[in-house]
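Trainee: This is the structure I want to talk about, given as C-alpha cells.
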Amino acid sequence: MRTQRTQVAIVGAGPSGLLLGQLLHRAGVHTIILERQTGDYVLGRIRAGVLEQVSVDLLDEAGVGARMHKEGLVHCGFELMFEGRRQRVDLHGLTGGKTVMVYGQTELTRDLMEARAAAGLFTVYDAQDVRIYDFDTEKPRVCYRKDGVEHEIACDFIAGCDGFHGVCRSSVPRAAITEFEKVYPFGWLGLLSDTPPVCDELIYINSERGFALCSQRSRTRSRYYLQVPLTDRVEEWTDEAFWDELSRRLDDEGRDKLVTGRSLEKSIAPLRSFVIEPLRFGRMFLAGDAGHIVPPTGAKGLNLAATDVKYLSMAFVEYYVDKSQAGIDAYSARCLRRIWRAERFSWWFTALMHRFSEDGPIVGKFQAAELDYLMHSQAGLRSIAENYVGLPLDFGEHHERQRSAHPSEFCGHAGSVEGEHSRAAAAIAARFN
Ligand code: APR
Ligand code: PHB
C-alpha cells in the first residue's frame, strides 16, 4: 500500500473535477484527481456546448479561456420554432447586453487537461476501485488501485466530482440523502457531423413529430438532436433516417439550407431531472452531475457544474486562508438555490417544447397557447432570455447582503477574486510546501 497526502482529493476528471483542480491550483491549494477512465475516453464523450457568461468568466479566472475566446462563437440570440413559425429570442437585447458562448464541452475539457498537465499537477487516470472513507471525521481517506498496486490518499476534504454514476454519492448512507427525481418518457438522439450548421443561431423546434434542436460546435461542425421514444436503439437509426426525420421537423427555409453528411457520432441520451439534498456530508462535497442532472433543453448542466465548483473553490480558499468554515457551511444551500432555479427552467423548457403523446392532445393545446403568448410578449421573451443566459453568481445574495449589512461593511465586502486568490496562494504555499 502506497500512501500520499493532499489537501483536497478530487474524484472525477470531467469538467467539474478539472475546473476545481485548476481554480484551487491558482489559489495554492494542493489537489490530487482520481479518474477511473483514460484521458482519451474522457475526451471522447460528446456533451453540450453552450456556456453562460458566468462560466466564461470562470474559465478566464482559471486561466484556460484563451482558445475558447479564439474558437468559440458568441451567440446573441436563438430561435424558437412552433407550427412552422420562428421567433427569435434576442438574448442581447432582452438582457441588457448578455450573450452565450458556443464552445464544446470536449474542447473545454481538453483545455483544462492541458493546463493541468502543463502545471505538472497530479492526475491519476485509470484509477480502479476508488473508495472513500471517514468523510464524517477530520481525517478522510480515498483508496484506489492502479496497475495492480493499492494506494491510499490522506486528505482534508473530498470533492465528489464523479458524475451521476460516481462512487461518492453512493457512499453516503441513504438515510442522510433526500432525492428528487423525474424521468421523462423520451430521449434525445444526437448526431454530430462535419457539415455547416443550418442556421447561424440555435433553433429549438416543437413540431408535430416531436422536438428537434439544431445546434453547432463551429461554422463547419453541426450537432443536431431529435426527440425519440426511449425504446429506440441507436443502431436502428441510419444517418439517412436521421436527416430525413430532422428535415420533416424543420420549416421550408431550414429544409432548403440543411446540409447532410456522414455522422461522426450518434447516441441516445435519456432525459432526467434529479437533485439530491444536501450536497455536503461532513468533509465530502458533491459538485456537478454527482449532485444533480437537468434535461439538456437549455444547456444548463455544464453551467451548473461550473458554478458549484466556483462556490466550492471559494469555500476551500476561505477555509485555508481565513481559517473560516463559513463558505463550507454555506456551500450546499448556496448551490441548491441556483440549482433549483436551473432545474425549474430546464423542466419548463422541456415541457414546452416536447411532444407528450401519452398525455393526450390537450397538452399540445396548452403548449400552443403558451408559445403564442411567449412569442407575442416582451415580458415572456425576457423571462426565457434571462434564464437562458443564466443568473449572476451572487443572485439573491446581493439583495440579502444589502438588506443586512451596514453600508460601509457592504462596500468593504466586495474584494476582487484575483486578490482573494493571490492572498490564498501566498498563505497556503507557506503552509503546504
Ligand atoms: N472513480 C473515479 N472516477 C469516476 C468514478 C469513480 N468511481 N465514477 C465516475 N468517475 C468519473 C467519470 O469517468 C467522469 O470522467 O467522473 C467523471 C465525471 O464527469 P462528468 O460525468 O462529465 O460530470 P461533471 O464533471 O460533473 O460534468 C458535468 O457534464 O454530463 C455533463 O451535463 C453535464 O455538462 C455537464 C457536465
Ligand atoms: C448542444 O450543442 O449539444 C446543445 C445545445 C443546446 C442545448 C442542448 C445541447 O440546449
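Letters for chains follow the order of the C-alpha cells (A, B, ...), residue numbers begin at 1 for each chain, and ligand numbers begin at 1 in the order shown.
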Give the residue list for ligand 1 at 6 Å, counting only C-alpha atoms and all ligand atoms, as JSON, numbers by chain, sorted by chain and then by residue number.

Mentor: {"A": [11, 12, 13, 14, 15, 16, 17, 34, 35, 36, 37, 42, 130, 161, 162, 163, 165, 166, 167, 288, 289, 290, 301, 302, 305]}

Trainee: Once you count only C-alpha atoms and all ligand atoms, what closest atom pair and distance in Å to one decimal does each residue of chain A within 7 Å of ligand 2 have, with rows by chain and rising residue number, as a tab-separated table?

Mentor:
```
residue	atom	partner	partner_atom_place_in_ligand_line	distance
A:Arg47	CA	ligand 2	3 (O)	5.7
A:Ala48	CA	ligand 2	3 (O)	3.3
A:Gly49	CA	ligand 2	2 (O)	4.7
A:Val50	CA	ligand 2	5 (C)	5.7
A:Ser215	CA	ligand 2	2 (O)	4.7
A:Gln216	CA	ligand 2	2 (O)	5.5
A:Arg217	CA	ligand 2	2 (O)	6.6
A:Arg223	CA	ligand 2	2 (O)	5.7
A:Pro296	CA	ligand 2	8 (C)	4.8
A:Thr297	CA	ligand 2	10 (O)	4.1
A:Gly298	CA	ligand 2	10 (O)	3.7
A:Ala299	CA	ligand 2	10 (O)	3.9
```

Trainee: Taking the chain letters and numbering used in this document, name the residues of region 214-296 of chain A that DSSP puts in alpha helix (DSSP H), as a list in words.

Mentor: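 Those residues are Asp239, Glu240, Ala241, Phe242, Trp243, Asp244, Glu245, Leu246, Ser247, Arg248, Arg249, Asp252, Glu253, Gly254, Arg255, Asp256 and Lys257 of chain A.
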
Trainee: Given only C-alpha atoms as the basis, pick out the residue of A:Gly39, A:Gly104, A:Gly77, A:Pro278 nearest to Arg174 (chain A).

Mentor: A:Pro278

Trainee: Show which residues sit within 9 Å of Tyr331 (chain A), as a ChimeraX atom specification. Count only C-alpha atoms, and ignore same-chain residues fewer than 2 positions away.

Mentor: /A:279-280,285,308,311-312,315,326-329,333-336

Trainee: Restricting the output to all heavy atoms, write the selected residues as a short mmCIF file (atom, residue, chain, number, x, y, z; two decimals), in the first residue's frame.

Mentor:
```
data_model
loop_
_atom_site.label_atom_id
_atom_site.label_comp_id
_atom_site.auth_asym_id
_atom_site.auth_seq_id
_atom_site.Cartn_x
_atom_site.Cartn_y
_atom_site.Cartn_z
N LEU A 279 -25.71 18.74 -0.33
CA LEU A 279 -24.58 18.42 -1.20
C LEU A 279 -23.28 18.29 -0.39
O LEU A 279 -22.21 18.10 -0.96
CB LEU A 279 -24.41 19.52 -2.26
CG LEU A 279 -25.58 19.62 -3.25
CD1 LEU A 279 -25.48 20.88 -4.08
CD2 LEU A 279 -25.62 18.39 -4.15
N ARG A 280 -23.41 18.44 0.93
CA ARG A 280 -22.23 18.28 1.80
C ARG A 280 -22.48 17.20 2.85
O ARG A 280 -23.57 17.17 3.44
CB ARG A 280 -21.94 19.59 2.52
CG ARG A 280 -20.83 19.44 3.52
CD ARG A 280 -20.80 20.55 4.53
NE ARG A 280 -19.82 20.26 5.55
CZ ARG A 280 -19.63 20.99 6.62
NH1 ARG A 280 -20.36 22.07 6.82
NH2 ARG A 280 -18.73 20.64 7.51
N PHE A 285 -17.94 16.75 -0.37
CA PHE A 285 -18.82 17.68 -1.07
C PHE A 285 -19.10 17.14 -2.47
O PHE A 285 -18.18 16.69 -3.14
CB PHE A 285 -18.14 19.06 -1.21
CG PHE A 285 -17.80 19.66 0.11
CD1 PHE A 285 -16.66 19.25 0.79
CD2 PHE A 285 -18.61 20.63 0.69
CE1 PHE A 285 -16.33 19.78 2.02
CE2 PHE A 285 -18.30 21.17 1.92
CZ PHE A 285 -17.16 20.75 2.60
N ASP A 308 -21.17 25.37 -9.16
CA ASP A 308 -20.91 24.56 -7.95
C ASP A 308 -19.43 24.65 -7.60
O ASP A 308 -19.03 24.87 -6.45
CB ASP A 308 -21.17 23.06 -8.19
CG ASP A 308 -22.62 22.68 -8.28
OD1 ASP A 308 -23.48 23.55 -8.11
OD2 ASP A 308 -22.88 21.48 -8.55
N TYR A 311 -18.26 27.94 -6.15
CA TYR A 311 -18.60 28.06 -4.72
C TYR A 311 -17.70 27.17 -3.87
O TYR A 311 -17.28 27.54 -2.77
CB TYR A 311 -20.07 27.68 -4.47
CG TYR A 311 -21.09 28.67 -4.99
CD1 TYR A 311 -22.25 28.23 -5.62
CD2 TYR A 311 -20.93 30.05 -4.84
CE1 TYR A 311 -23.21 29.13 -6.07
CE2 TYR A 311 -21.87 30.95 -5.29
CZ TYR A 311 -23.01 30.48 -5.91
OH TYR A 311 -23.96 31.36 -6.35
N LEU A 312 -17.41 25.97 -4.39
CA LEU A 312 -16.60 25.03 -3.61
C LEU A 312 -15.16 25.53 -3.49
O LEU A 312 -14.56 25.48 -2.41
CB LEU A 312 -16.66 23.64 -4.25
CG LEU A 312 -16.10 22.49 -3.42
CD1 LEU A 312 -16.70 22.45 -2.01
CD2 LEU A 312 -16.34 21.15 -4.12
N ALA A 315 -15.05 28.23 -0.99
CA ALA A 315 -15.20 27.71 0.37
C ALA A 315 -13.86 27.16 0.89
O ALA A 315 -13.46 27.42 2.03
CB ALA A 315 -16.27 26.61 0.41
N ALA A 326 -17.13 29.32 7.15
CA ALA A 326 -18.41 29.88 6.69
C ALA A 326 -18.77 29.40 5.28
O ALA A 326 -19.91 29.00 5.01
CB ALA A 326 -18.36 31.40 6.76
N GLY A 327 -17.80 29.42 4.37
CA GLY A 327 -18.07 29.02 2.99
C GLY A 327 -18.44 27.55 2.90
O GLY A 327 -19.33 27.15 2.14
N ILE A 328 -17.76 26.76 3.70
CA ILE A 328 -18.04 25.32 3.73
C ILE A 328 -19.45 25.06 4.25
O ILE A 328 -20.21 24.27 3.69
CB ILE A 328 -16.98 24.63 4.61
CG1 ILE A 328 -15.70 24.50 3.81
CG2 ILE A 328 -17.45 23.29 5.14
CD1 ILE A 328 -14.52 24.00 4.61
N ASP A 329 -19.80 25.78 5.31
CA ASP A 329 -21.14 25.59 5.89
C ASP A 329 -22.24 26.07 4.95
O ASP A 329 -23.34 25.55 4.95
CB ASP A 329 -21.24 26.34 7.23
CG ASP A 329 -20.36 25.69 8.30
OD1 ASP A 329 -20.01 24.49 8.12
OD2 ASP A 329 -20.01 26.36 9.28
N ALA A 333 -26.43 25.02 0.60
CA ALA A 333 -27.60 25.88 0.41
C ALA A 333 -27.38 26.86 -0.74
O ALA A 333 -28.28 27.13 -1.53
CB ALA A 333 -27.90 26.64 1.71
N ARG A 334 -26.17 27.38 -0.83
CA ARG A 334 -25.85 28.32 -1.91
C ARG A 334 -26.01 27.68 -3.28
O ARG A 334 -26.60 28.24 -4.18
CB ARG A 334 -24.38 28.73 -1.79
CG ARG A 334 -24.16 30.03 -1.11
CD ARG A 334 -22.68 30.26 -1.04
NE ARG A 334 -22.37 31.58 -1.51
CZ ARG A 334 -21.13 32.06 -1.55
NH1 ARG A 334 -20.12 31.32 -1.19
NH2 ARG A 334 -20.92 33.27 -1.99
N CYS A 335 -25.45 26.47 -3.41
CA CYS A 335 -25.55 25.77 -4.69
C CYS A 335 -27.00 25.41 -4.99
O CYS A 335 -27.47 25.60 -6.10
CB CYS A 335 -24.74 24.48 -4.67
SG CYS A 335 -22.99 24.74 -4.69
N LEU A 336 -27.69 24.89 -3.97
CA LEU A 336 -29.03 24.37 -4.22
C LEU A 336 -29.99 25.46 -4.68
O LEU A 336 -30.87 25.22 -5.50
CB LEU A 336 -29.57 23.66 -2.98
CG LEU A 336 -28.98 22.26 -2.78
CD1 LEU A 336 -29.24 21.74 -1.37
CD2 LEU A 336 -29.54 21.27 -3.82
#
```

Trainee: Would you compute the distance between CA of Tyr225 (chain A) and CA of Thr109 (chain A)? Give it in Å to one decimal.

Mentor: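 Pair CA of Tyr225 (chain A) / CA of Thr109 (chain A) returns 21.9 Å.
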
Trainee: With only C-alpha atoms as the basis for distance, which of A:Gln4, A:Thr123, A:Thr260, A:Thr307 is at the shortest distance from Leu393 (chain A)?

Mentor: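 Ranking A:Gln4, A:Thr123, A:Thr260, A:Thr307 by distance to Leu393 (chain A), first place goes to A:Thr307.
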
Trainee: Need to verify the contact set: Ile293 (chain A), 8 Å, only C-alpha atoms, exclusion of same-chain residues closer than 2 positions in sequence. Can you return it as a PyMOL selection string?

Mentor: chain A and resi 164+272-275+289+291+295+301

Trainee: Could you turn the residues from that selection into a file that holds C-alpha atoms, as a PDB file, in the first residue's frame?

Mentor:
```
ATOM      1  CA  PHE A 164     -24.212  10.721 -11.925  1.00  0.00           C
ATOM      2  CA  ARG A 272     -33.896  13.330 -16.319  1.00  0.00           C
ATOM      3  CA  SER A 273     -34.368  15.994 -13.654  1.00  0.00           C
ATOM      4  CA  PHE A 274     -32.532  14.921 -10.493  1.00  0.00           C
ATOM      5  CA  VAL A 275     -31.316  16.703  -7.373  1.00  0.00           C
ATOM      6  CA  ASP A 289     -23.576  15.772 -12.188  1.00  0.00           C
ATOM      7  CA  GLY A 291     -25.399  16.017  -7.203  1.00  0.00           C
ATOM      8  CA  PRO A 295     -32.670  17.623 -19.003  1.00  0.00           C
ATOM      9  CA  GLY A 301     -25.767  21.021 -16.979  1.00  0.00           C
TER      10      GLY A 301
END
```

Trainee: Pick from A:Arg355, A:Arg262, A:Arg209, A:Arg45: nearest to Arg248 (chain A), with only C-alpha atoms counted?

Mentor: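 The answer is A:Arg209, which sits nearest to Arg248 (chain A).
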
Trainee: Tell me which of A:Ala127, A:Lys300, A:Met81, A:Val321 sits closest to Gly148 (chain A), counting only C-alpha atoms.

Mentor: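 So, comparing all the options, the nearest one is A:Ala127.
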
Trainee: With only C-alpha atoms as the basis for distance, which of A:Leu202, A:Cys76, A:Ile132, A:Leu121 is at the shortest distance from Ser170 (chain A)?

Mentor: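 Under the stated criterion, the closest residue is A:Ile132.
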
Trainee: Of the candidates A:Asp232, A:Glu201, A:Glu79, A:Glu138, which shows the shortest atom-to-atom distance to Val102 (chain A), using only C-alpha atoms?

Mentor: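 Closest residue, counting only C-alpha atoms: A:Glu201.
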
Trainee: Write out as a VMD selection string each polymer residue whose atoms come within 7 Å of region 363-377 of chain A, counting only C-alpha atoms; drop sequence neighbours fewer than 4 positions from it.

Mentor: chain A and resid 87 352 359 381

Trainee: Any chance you could list, as an MDAnalysis selection string, the residues in region 230-326 of chain A that come up strand (DSSP E or B) when DSSP is run on the backbone?

Mentor: chainID A and resid 263:277 280:281 284:286 292:293

Trainee: For Lys146 (chain A), find every residue with an atom within 7 Å (counting only C-alpha atoms), except residues of its own chain fewer than 3 positions away, and show them as a list in words.

Mentor: Asp126, Ala127, Gln128, Val149 and Glu150 of chain A

Trainee: Go through region 257-295 of chain A residue by residue and, counting only C-alpha atoms, keep those with an atom at most 9 Å from region 189-197 of chain A; for each kept residue give the shortest atom pair and its distance in Å to one decimal, ordered by chain and increasing number, as JSON lines.

Mentor:
```
{"residue": "A:Lys257", "atom": "CA", "partner": "A:Pro197", "partner_atom": "CA", "distance": 8.7}
{"residue": "A:Leu258", "atom": "CA", "partner": "A:Pro197", "partner_atom": "CA", "distance": 7.5}
{"residue": "A:Val259", "atom": "CA", "partner": "A:Thr195", "partner_atom": "CA", "distance": 6.1}
{"residue": "A:Thr260", "atom": "CA", "partner": "A:Thr195", "partner_atom": "CA", "distance": 6.6}
{"residue": "A:Gly261", "atom": "CA", "partner": "A:Thr195", "partner_atom": "CA", "distance": 6.4}
{"residue": "A:Arg262", "atom": "CA", "partner": "A:Ser193", "partner_atom": "CA", "distance": 6.2}
{"residue": "A:Ser263", "atom": "CA", "partner": "A:Ser193", "partner_atom": "CA", "distance": 4.8}
{"residue": "A:Leu264", "atom": "CA", "partner": "A:Ser193", "partner_atom": "CA", "distance": 5.3}
{"residue": "A:Glu265", "atom": "CA", "partner": "A:Leu192", "partner_atom": "CA", "distance": 5.2}
{"residue": "A:Lys266", "atom": "CA", "partner": "A:Leu191", "partner_atom": "CA", "distance": 4.6}
{"residue": "A:Ser267", "atom": "CA", "partner": "A:Gly190", "partner_atom": "CA", "distance": 5.4}
{"residue": "A:Ile268", "atom": "CA", "partner": "A:Leu189", "partner_atom": "CA", "distance": 4.3}
{"residue": "A:Ala269", "atom": "CA", "partner": "A:Leu189", "partner_atom": "CA", "distance": 6.6}
{"residue": "A:Pro270", "atom": "CA", "partner": "A:Leu189", "partner_atom": "CA", "distance": 9.0}
```

Trainee: List the neighbours of region 53-59 of chain A out to 8 Å using only C-alpha atoms; skip same-chain residues closer than 4 positions along the sequence, and give me the result as number ranges by chain.

Mentor: A: 19, 63-65, 98-101, 303, 306-307, 310, 389-393

Trainee: Keeping C-alpha atoms, export the residues of the selection given above as a PDB file, in the first residue's frame.

Mentor:
```
ATOM      1  CA  LEU A  19     -12.046  23.072 -13.170  1.00  0.00           C
ATOM      2  CA  GLY A  63      -6.566  30.860 -16.857  1.00  0.00           C
ATOM      3  CA  VAL A  64      -7.919  28.499 -19.534  1.00  0.00           C
ATOM      4  CA  GLY A  65     -10.070  30.860 -21.626  1.00  0.00           C
ATOM      5  CA  LYS A  98     -25.734  39.434 -22.235  1.00  0.00           C
ATOM      6  CA  THR A  99     -24.789  36.631 -24.627  1.00  0.00           C
ATOM      7  CA  VAL A 100     -23.782  32.956 -24.521  1.00  0.00           C
ATOM      8  CA  MET A 101     -20.665  31.239 -25.891  1.00  0.00           C
ATOM      9  CA  ASN A 303     -23.027  25.740 -16.355  1.00  0.00           C
ATOM     10  CA  ALA A 306     -19.125  25.321 -13.156  1.00  0.00           C
ATOM     11  CA  THR A 307     -20.905  27.395 -10.525  1.00  0.00           C
ATOM     12  CA  LYS A 310     -16.764  28.111  -8.079  1.00  0.00           C
ATOM     13  CA  VAL A 389     -28.137  33.464 -20.346  1.00  0.00           C
ATOM     14  CA  GLY A 390     -28.092  32.426 -16.676  1.00  0.00           C
ATOM     15  CA  LEU A 391     -28.236  34.186 -13.370  1.00  0.00           C
ATOM     16  CA  PRO A 392     -25.303  36.164 -11.993  1.00  0.00           C
ATOM     17  CA  LEU A 393     -23.184  34.244  -9.484  1.00  0.00           C
TER      18      LEU A 393
END
```
